[in-house]
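As stored in coords_31.tsv (TSV, C-alpha atoms and all ligand atoms):
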```tsv
chain	number	residue	atom	x	y	z
A	1	MET	CA	132.69	109.82	90.65
A	2	PRO	CA	129.66	109.06	92.88
A	3	THR	CA	126.46	111.04	92.29
A	4	PRO	CA	126.25	113.89	94.85
A	5	LEU	CA	123.53	113.28	97.45
A	6	SER	CA	121.82	116.57	96.52
A	7	ILE	CA	121.18	115.25	92.97
A	8	ILE	CA	119.85	111.90	94.26
A	9	MET	CA	117.53	113.70	96.70
A	10	ARG	CA	116.27	116.01	93.96
A	11	LYS	CA	115.57	113.01	91.69
A	12	LYS	CA	113.66	111.24	94.48
A	13	LYS	CA	111.51	114.31	95.03
A	14	ILE	CA	110.71	114.47	91.31
A	15	ASP	CA	109.67	110.78	91.33
A	16	VAL	CA	107.42	111.29	94.34
A	17	LYS	CA	105.79	114.28	92.63
A	18	LYS	CA	105.36	112.42	89.31
A	19	TYR	CA	103.41	109.61	90.96
A	20	ALA	CA	101.65	111.59	93.72
A	21	GLU	CA	98.21	111.18	92.13
A	22	ALA	CA	98.77	107.48	91.42
A	23	LYS	CA	99.90	106.98	95.01
A	24	ARG	CA	96.79	108.73	96.33
A	25	TYR	CA	94.56	106.74	93.96
A	26	TRP	CA	96.00	103.35	94.99
A	27	ASN	CA	96.02	104.21	98.70
A	28	ASN	CA	92.30	105.00	98.36
A	29	VAL	CA	91.63	101.73	96.53
A	30	VAL	CA	93.49	99.79	99.21
A	31	ALA	CA	91.67	101.60	102.04
A	32	ALA	CA	88.74	99.22	101.52
A	33	GLU	CA	90.96	96.12	101.72
A	34	VAL	CA	91.53	93.96	104.77
A	35	ILE	CA	94.09	91.39	105.84
A	36	TYR	CA	93.45	88.20	103.86
A	37	GLU	CA	94.49	84.58	104.00
A	38	PRO	CA	97.38	84.01	101.60
A	39	LYS	CA	96.75	81.16	99.16
A	40	ALA	CA	98.80	79.29	96.55
A	41	ALA	CA	95.96	79.72	94.05
A	42	THR	CA	94.10	82.89	93.09
A	43	GLY	CA	91.27	80.93	91.45
A	44	ILE	CA	92.06	82.38	88.03
A	45	LYS	CA	93.40	79.48	85.96
A	46	GLU	CA	95.78	81.42	83.70
A	47	ILE	CA	97.27	83.43	86.59
A	48	ASP	CA	97.69	80.31	88.71
A	49	GLU	CA	99.50	78.53	85.88
A	50	SER	CA	101.81	81.55	85.50
A	51	ILE	CA	102.54	81.63	89.23
A	52	ALA	CA	103.25	77.88	89.23
A	53	TRP	CA	105.67	78.41	86.30
A	54	LEU	CA	107.37	81.31	88.13
A	55	ALA	CA	107.69	79.43	91.43
A	56	GLN	CA	109.30	76.41	89.74
A	57	SER	CA	112.63	78.25	90.08
A	58	LYS	CA	112.24	77.65	93.87
A	59	GLY	CA	114.33	80.78	94.51
A	60	PRO	CA	113.69	84.36	95.70
A	61	ILE	CA	111.02	86.33	93.81
A	62	LEU	CA	110.65	90.10	93.42
A	63	ASP	CA	107.40	91.95	92.62
A	64	PHE	CA	107.56	95.63	91.69
A	65	GLY	CA	104.17	97.34	92.10
A	66	CYS	CA	103.16	94.41	94.29
A	67	GLY	CA	99.99	95.98	95.72
A	68	ASN	CA	98.81	93.96	98.71
A	69	GLY	CA	101.22	91.13	97.87
A	70	ARG	CA	98.66	88.53	96.81
A	71	LEU	CA	100.67	87.24	93.81
A	72	LEU	CA	103.86	87.12	95.87
A	73	PHE	CA	102.26	85.07	98.64
A	74	ALA	CA	100.83	82.73	95.98
A	75	SER	CA	104.41	82.34	94.65
A	76	LEU	CA	105.76	81.66	98.14
A	77	LEU	CA	103.11	79.04	98.86
A	78	SER	CA	103.80	77.51	95.43
A	79	GLY	CA	107.49	76.93	96.16
A	80	ALA	CA	109.48	80.20	96.00
A	81	SER	CA	112.09	80.43	98.77
A	82	SER	CA	111.40	84.08	99.68
A	83	ILE	CA	109.50	87.12	98.41
A	84	THR	CA	110.26	90.83	98.12
A	85	GLY	CA	107.63	93.39	97.16
A	86	ILE	CA	107.86	97.11	96.46
A	87	ASP	CA	104.91	99.45	96.09
A	88	ILE	CA	104.43	103.20	96.21
A	89	ALA	CA	101.13	102.86	98.15
A	90	SER	CA	102.03	102.54	101.84
A	91	ARG	CA	98.59	101.17	102.72
A	92	ALA	CA	99.08	98.26	100.30
A	93	VAL	CA	102.50	97.54	101.78
A	94	ASN	CA	101.07	97.69	105.32
A	95	ILE	CA	98.47	95.06	104.39
A	96	ALA	CA	101.13	92.81	102.83
A	97	ASP	CA	103.26	93.15	105.98
A	98	ALA	CA	100.29	92.38	108.22
A	99	VAL	CA	99.41	89.29	106.13
A	100	ALA	CA	103.00	88.05	106.50
A	101	VAL	CA	102.99	88.54	110.28
A	102	THR	CA	99.48	87.10	110.82
A	103	HIS	CA	100.35	83.96	108.84
A	104	HIS	CA	103.91	83.56	110.22
A	105	LEU	CA	105.53	84.17	106.85
A	106	GLU	CA	107.55	87.23	107.89
A	107	ASP	CA	110.91	85.37	107.86
A	108	LYS	CA	110.50	84.79	104.14
A	109	SER	CA	108.83	88.09	103.22
A	110	ARG	CA	110.08	91.64	102.76
A	111	PHE	CA	107.89	94.57	101.70
A	112	ILE	CA	109.17	98.05	100.94
A	113	THR	CA	107.21	101.27	100.41
A	114	GLY	CA	108.59	103.29	97.52
A	115	GLY	CA	109.15	103.66	93.80
A	116	ILE	CA	111.77	102.74	91.21
A	117	ASP	CA	114.65	104.13	93.29
A	118	GLU	CA	114.08	101.45	95.93
A	119	LEU	CA	115.21	98.83	93.42
A	120	GLY	CA	118.70	100.34	93.77
A	121	SER	CA	118.84	99.17	97.39
A	122	LEU	CA	118.51	95.47	96.42
A	123	THR	CA	121.42	93.07	95.83
A	124	PRO	CA	122.31	92.58	92.14
A	125	HIS	CA	121.64	89.12	90.65
A	126	SER	CA	119.80	87.95	93.77
A	127	PHE	CA	116.38	87.03	92.32
A	128	ASP	CA	115.40	83.92	90.35
A	129	GLY	CA	112.02	85.32	89.44
A	130	ALA	CA	110.08	88.57	89.14
A	131	ILE	CA	106.52	89.77	88.70
A	132	LEU	CA	105.61	92.96	86.85
A	133	SER	CA	101.82	92.85	86.95
A	134	ASN	CA	100.00	95.92	85.58
A	135	ILE	CA	102.92	98.17	86.41
A	136	ILE	CA	105.16	98.63	83.32
A	137	ASP	CA	102.21	100.23	81.55
A	138	ASN	CA	101.40	102.42	84.60
A	139	LEU	CA	104.76	104.22	84.48
A	140	TYR	CA	106.31	107.09	82.55
A	141	PRO	CA	108.18	105.54	79.57
A	142	GLU	CA	111.58	106.59	80.97
A	143	ASP	CA	110.76	104.89	84.28
A	144	ALA	CA	109.54	101.76	82.49
A	145	ALA	CA	112.94	101.69	80.74
A	146	ALA	CA	114.70	102.17	84.11
A	147	LEU	CA	112.62	99.32	85.57
A	148	VAL	CA	113.79	97.01	82.77
A	149	ARG	CA	117.43	98.02	83.45
A	150	TYR	CA	116.92	97.12	87.11
A	151	MET	CA	115.45	93.75	86.09
A	152	ASN	CA	118.59	93.09	84.04
A	153	ASN	CA	120.70	93.88	87.07
A	154	LEU	CA	118.68	92.12	89.77
A	155	LEU	CA	117.77	88.83	88.07
A	156	THR	CA	120.06	85.81	87.71
A	157	PRO	CA	120.70	84.26	84.25
A	158	GLY	CA	117.79	81.93	83.45
A	159	ALA	CA	115.50	83.75	85.91
A	160	ARG	CA	111.79	83.80	85.10
A	161	LEU	CA	109.90	87.04	84.56
A	162	LEU	CA	106.10	87.20	84.55
A	163	VAL	CA	104.63	90.31	82.92
A	164	LYS	CA	100.94	91.24	82.91
A	165	LEU	CA	99.76	94.15	80.77
A	166	ASN	CA	96.50	95.96	80.18
A	167	PRO	CA	94.95	95.52	76.71
A	168	PHE	CA	96.71	97.35	73.91
A	169	LEU	CA	94.41	100.16	72.73
A	170	GLU	CA	94.24	101.07	69.05
A	171	LYS	CA	95.28	104.66	68.32
A	172	THR	CA	91.91	105.56	66.75
A	173	HIS	CA	90.07	104.41	69.89
A	174	ILE	CA	92.35	106.12	72.35
A	175	ASP	CA	92.88	109.44	70.55
A	176	ASN	CA	89.13	110.12	70.38
A	177	HIS	CA	88.47	109.11	73.96
A	178	PRO	CA	87.94	111.98	76.47
A	179	GLU	CA	89.40	109.81	79.25
A	180	TYR	CA	92.93	109.87	77.83
A	181	ARG	CA	95.19	112.92	77.44
A	182	LEU	CA	98.19	112.32	75.19
A	183	MET	CA	101.44	113.33	76.94
A	184	SER	CA	104.06	111.80	74.61
A	185	GLU	CA	104.20	108.98	72.07
A	186	ASN	CA	102.03	106.08	73.34
A	187	PHE	CA	101.85	107.71	76.77
A	188	TYR	CA	98.56	109.01	78.20
A	189	LYS	CA	97.29	110.48	81.42
A	190	GLU	CA	93.89	109.10	82.36
A	191	SER	CA	91.13	111.24	83.87
A	192	SER	CA	91.57	109.20	87.09
A	193	GLY	CA	95.11	110.60	87.41
A	194	LEU	CA	96.69	107.26	86.49
A	195	PHE	CA	98.99	106.81	83.50
A	196	LEU	CA	98.69	104.51	80.53
A	197	TYR	CA	101.83	103.66	78.62
A	198	ASN	CA	100.11	101.91	75.71
A	199	ILE	CA	102.62	99.11	75.10
A	200	SER	CA	102.15	96.79	72.12
A	201	ASP	CA	103.37	93.18	72.28
A	202	ALA	CA	106.20	94.08	69.90
A	203	LEU	CA	107.25	97.10	72.00
A	204	LEU	CA	107.36	94.96	75.16
A	205	VAL	CA	109.55	92.34	73.45
A	206	SER	CA	111.89	95.06	72.19
A	207	MET	CA	112.10	96.61	75.68
A	208	LEU	CA	113.01	93.22	77.14
A	209	LYS	CA	115.71	92.44	74.59
A	210	THR	CA	117.96	90.62	77.07
A	211	PHE	CA	115.07	88.22	77.79
A	212	THR	CA	113.56	85.42	75.71
A	213	LEU	CA	109.79	85.27	75.32
A	214	GLU	CA	108.71	81.73	76.26
A	215	ALA	CA	104.92	82.02	76.21
A	216	GLN	CA	102.10	84.51	75.81
A	217	ARG	CA	98.36	84.27	76.42
A	218	LEU	CA	95.28	86.26	77.47
A	219	VAL	CA	93.48	86.14	80.80
A	220	HIS	CA	89.88	87.30	80.89
A	221	PHE	CA	88.36	88.98	83.97
A	222	THR	CA	84.62	88.43	83.67
A	223	GLN	CA	83.69	90.90	86.44
A	224	TYR	CA	85.43	93.77	84.59
A	225	ASN	CA	84.79	92.37	81.09
A	226	VAL	CA	88.42	92.96	80.20
A	227	SER	CA	91.29	90.77	79.06
A	228	ASN	CA	94.89	91.28	80.15
A	229	ARG	CA	98.01	89.99	78.41
A	230	LEU	CA	100.30	87.52	80.20
A	231	PHE	CA	103.91	87.00	79.11
A	232	HIS	CA	106.53	84.52	80.35
A	233	PHE	CA	110.14	85.61	79.77
A	234	THR	CA	113.44	84.04	80.80
A	235	LYS	CA	116.59	86.07	81.36
A	236	ASP	CA	119.34	85.30	78.81
A	301	LIG	C1	97.17	97.99	88.80
A	301	LIG	S1	97.86	97.88	90.40
A	301	LIG	C2	98.59	96.24	90.30
A	301	LIG	C3	98.83	95.62	91.65
A	301	LIG	C4	99.41	94.19	91.58
A	301	LIG	N1	100.66	94.18	90.86
A	301	LIG	C5	98.41	93.25	90.94
A	301	LIG	O1	98.60	92.86	89.80
A	301	LIG	O2	97.44	92.90	91.60
A	301	LIG	C6	99.28	98.94	90.25
A	301	LIG	C7	100.14	98.97	91.50
A	301	LIG	O3	101.34	99.66	91.20
A	301	LIG	C8	101.63	100.58	92.23
A	301	LIG	N2	102.39	101.69	91.61
A	301	LIG	C9	101.94	102.61	90.74
A	301	LIG	N3	102.95	103.45	90.39
A	301	LIG	C10	104.04	103.03	91.08
A	301	LIG	C11	105.38	103.49	91.15
A	301	LIG	N4	105.81	104.55	90.45
A	301	LIG	N5	106.25	102.84	91.94
A	301	LIG	C12	105.83	101.75	92.67
A	301	LIG	N6	104.57	101.27	92.65
A	301	LIG	C13	103.69	101.91	91.86
A	301	LIG	C14	100.27	101.00	92.77
A	301	LIG	O4	100.35	101.50	94.07
A	301	LIG	C15	99.48	99.70	92.66
A	301	LIG	O5	99.58	98.93	93.82
```
Let me see the structure of the file written as structure tokens.
Ligand SMILES: C[S@@+](CC[C@H](N)C(=O)[O-])C[C@H]1O[C@@H](n2cnc3c(N)ncnc32)[C@H](O)[C@@H]1O
Amino acid sequence: MPTPLSIIMRKKKIDVKKYAEAKRYWNNVVAAEVIYEPKAATGIKEIDESIAWLAQSKGPILDFGCGNGRLLFASLLSGASSITGIDIASRAVNIADAVAVTHHLEDKSRFITGGIDELGSLTPHSFDGAILSNIIDNLYPEDAAALVRYMNNLLTPGARLLVKLNPFLEKTHIDNHPEYRLMSENFYKESSGLFLYNISDALLVSMLKTFTLEAQRLVHFTQYNVSNRLFHFTKD
């Protein structure tokens, strides 16, 4: 029996409420950004190698939590056939749209404002690659699990999945830190209003059990003095 519309609408409202602060935060961050020239390379060696690996599929690529679309445009200019991005921050999506139009890439680009539910509007098994860059660990654990289920449904067998995660924080560090309020196991609300789902390498691999881990490395951002974790997975 189909889910009654009233239940779907109620669920959507809950999702909007859950991420209202995050949405406000990212819209504010993006407010300072301008339309940019899309490039195949970001200038960060490890990221560029990951994008080149992803784009080797030559097919359509999806990015959930795409921000202003920079990684998607890099994928497109590196050989992907088309790009689709979803982000809850409308300002970020507006910039991505404007970049596509300004650089005549709109025929191969689609950007959607919204959250996890928007993934349900996409065609199953229609993507040969996906980017989840600093998003799985920005979600409530149940939504991170839903995101993985959508990836299973939307990606073709053999598709490439690029995951970027924040550093894993040791429990002793995080529990004594005033910036993080524990909400449930491994899940914190930051003083900024953002969330941190503190995902270990092993937890990520167990979440993505229908994928094979092909490679893993660190990328260091000198300006923030922080390293992120990069993972290459292929869909079984
Ligand atoms: C840390 S930024 C990463 C942006 C981009 N992926 C990158 O790596 O440059 C997190 C992004 O996820 C988006 N985001 C946060 N929560 C979201 C949600 N529930 N649904 C969709 N997008 C979300 C934010 O608006 C923001 O653009």
Task: Among listed residues A:Pro157, A:Gly79, A:Pro124, A:Gly193, nearest ligand LIG 301 (chain A) (using only C-alpha atoms and all ligand atoms) - done: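 Nearest candidate to ligand LIG 301 (chain A) out of A:Pro157, A:Gly79, A:Pro124, A:Gly193: A:Gly193.
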Open item on the list: Please report the interatomic distance between atom CA of Leu230 of chain A and atom CA of Ser133 of chain A in Å with one decimal.
Closed with: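 These atoms are spaced 8.7 Å apart.
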Please tabulate, as JSON lines, the residues of chain A that come within 6 Å of ligand LIG 301 (chain A), each with its closest pair of atoms and the distance in Å to one decimal, counting only C-alpha atoms and all ligand atoms and ordering rows by chain, then residue number upward.
```
{"residue": "A:Tyr19", "atom": "CA", "partner": "A:LIG301", "partner_atom": "N4", "distance": 5.6}
{"residue": "A:Ala22", "atom": "CA", "partner": "A:LIG301", "partner_atom": "C9", "distance": 5.9}
{"residue": "A:Lys23", "atom": "CA", "partner": "A:LIG301", "partner_atom": "O4", "distance": 5.6}
{"residue": "A:Trp26", "atom": "CA", "partner": "A:LIG301", "partner_atom": "O4", "distance": 4.8}
{"residue": "A:Gly65", "atom": "CA", "partner": "A:LIG301", "partner_atom": "O3", "distance": 3.8}
{"residue": "A:Cys66", "atom": "CA", "partner": "A:LIG301", "partner_atom": "N1", "distance": 4.3}
{"residue": "A:Gly67", "atom": "CA", "partner": "A:LIG301", "partner_atom": "O5", "distance": 3.5}
{"residue": "A:Asp87", "atom": "CA", "partner": "A:LIG301", "partner_atom": "N6", "distance": 3.9}
{"residue": "A:Ile88", "atom": "CA", "partner": "A:LIG301", "partner_atom": "N6", "distance": 4.1}
{"residue": "A:Ala89", "atom": "CA", "partner": "A:LIG301", "partner_atom": "O4", "distance": 4.4}
{"residue": "A:Gly114", "atom": "CA", "partner": "A:LIG301", "partner_atom": "C12", "distance": 5.8}
{"residue": "A:Gly115", "atom": "CA", "partner": "A:LIG301", "partner_atom": "N5", "distance": 3.5}
{"residue": "A:Ile116", "atom": "CA", "partner": "A:LIG301", "partner_atom": "N5", "distance": 5.6}
{"residue": "A:Ser133", "atom": "CA", "partner": "A:LIG301", "partner_atom": "N1", "distance": 4.3}
{"residue": "A:Asn134", "atom": "CA", "partner": "A:LIG301", "partner_atom": "C1", "distance": 4.8}
{"residue": "A:Ile135", "atom": "CA", "partner": "A:LIG301", "partner_atom": "O3", "distance": 5.3}
```
Task: Long-range neighbours of Glu142 of chain A as a ChimeraX atom specification, 12 Å cut-off, only C-alpha atoms, 4 positions minimum in chain - done: /A:15,18,116,136-138,146-149,184-185,187,197,207
Task: Given only C-alpha atoms as the counted atoms, nearest of A:Lys58, A:Arg24, A:His177, A:His232 to Ala92 of chain A - done: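 Of all the options, A:Arg24 lies closest to Ala92 of chain A.
With distances restricted to only C-alpha atoms, A:Asn198 is the closest residue to Tyr140 of chain A from A:Asn94, A:Asn198, A:Gln56, A:Asn153.
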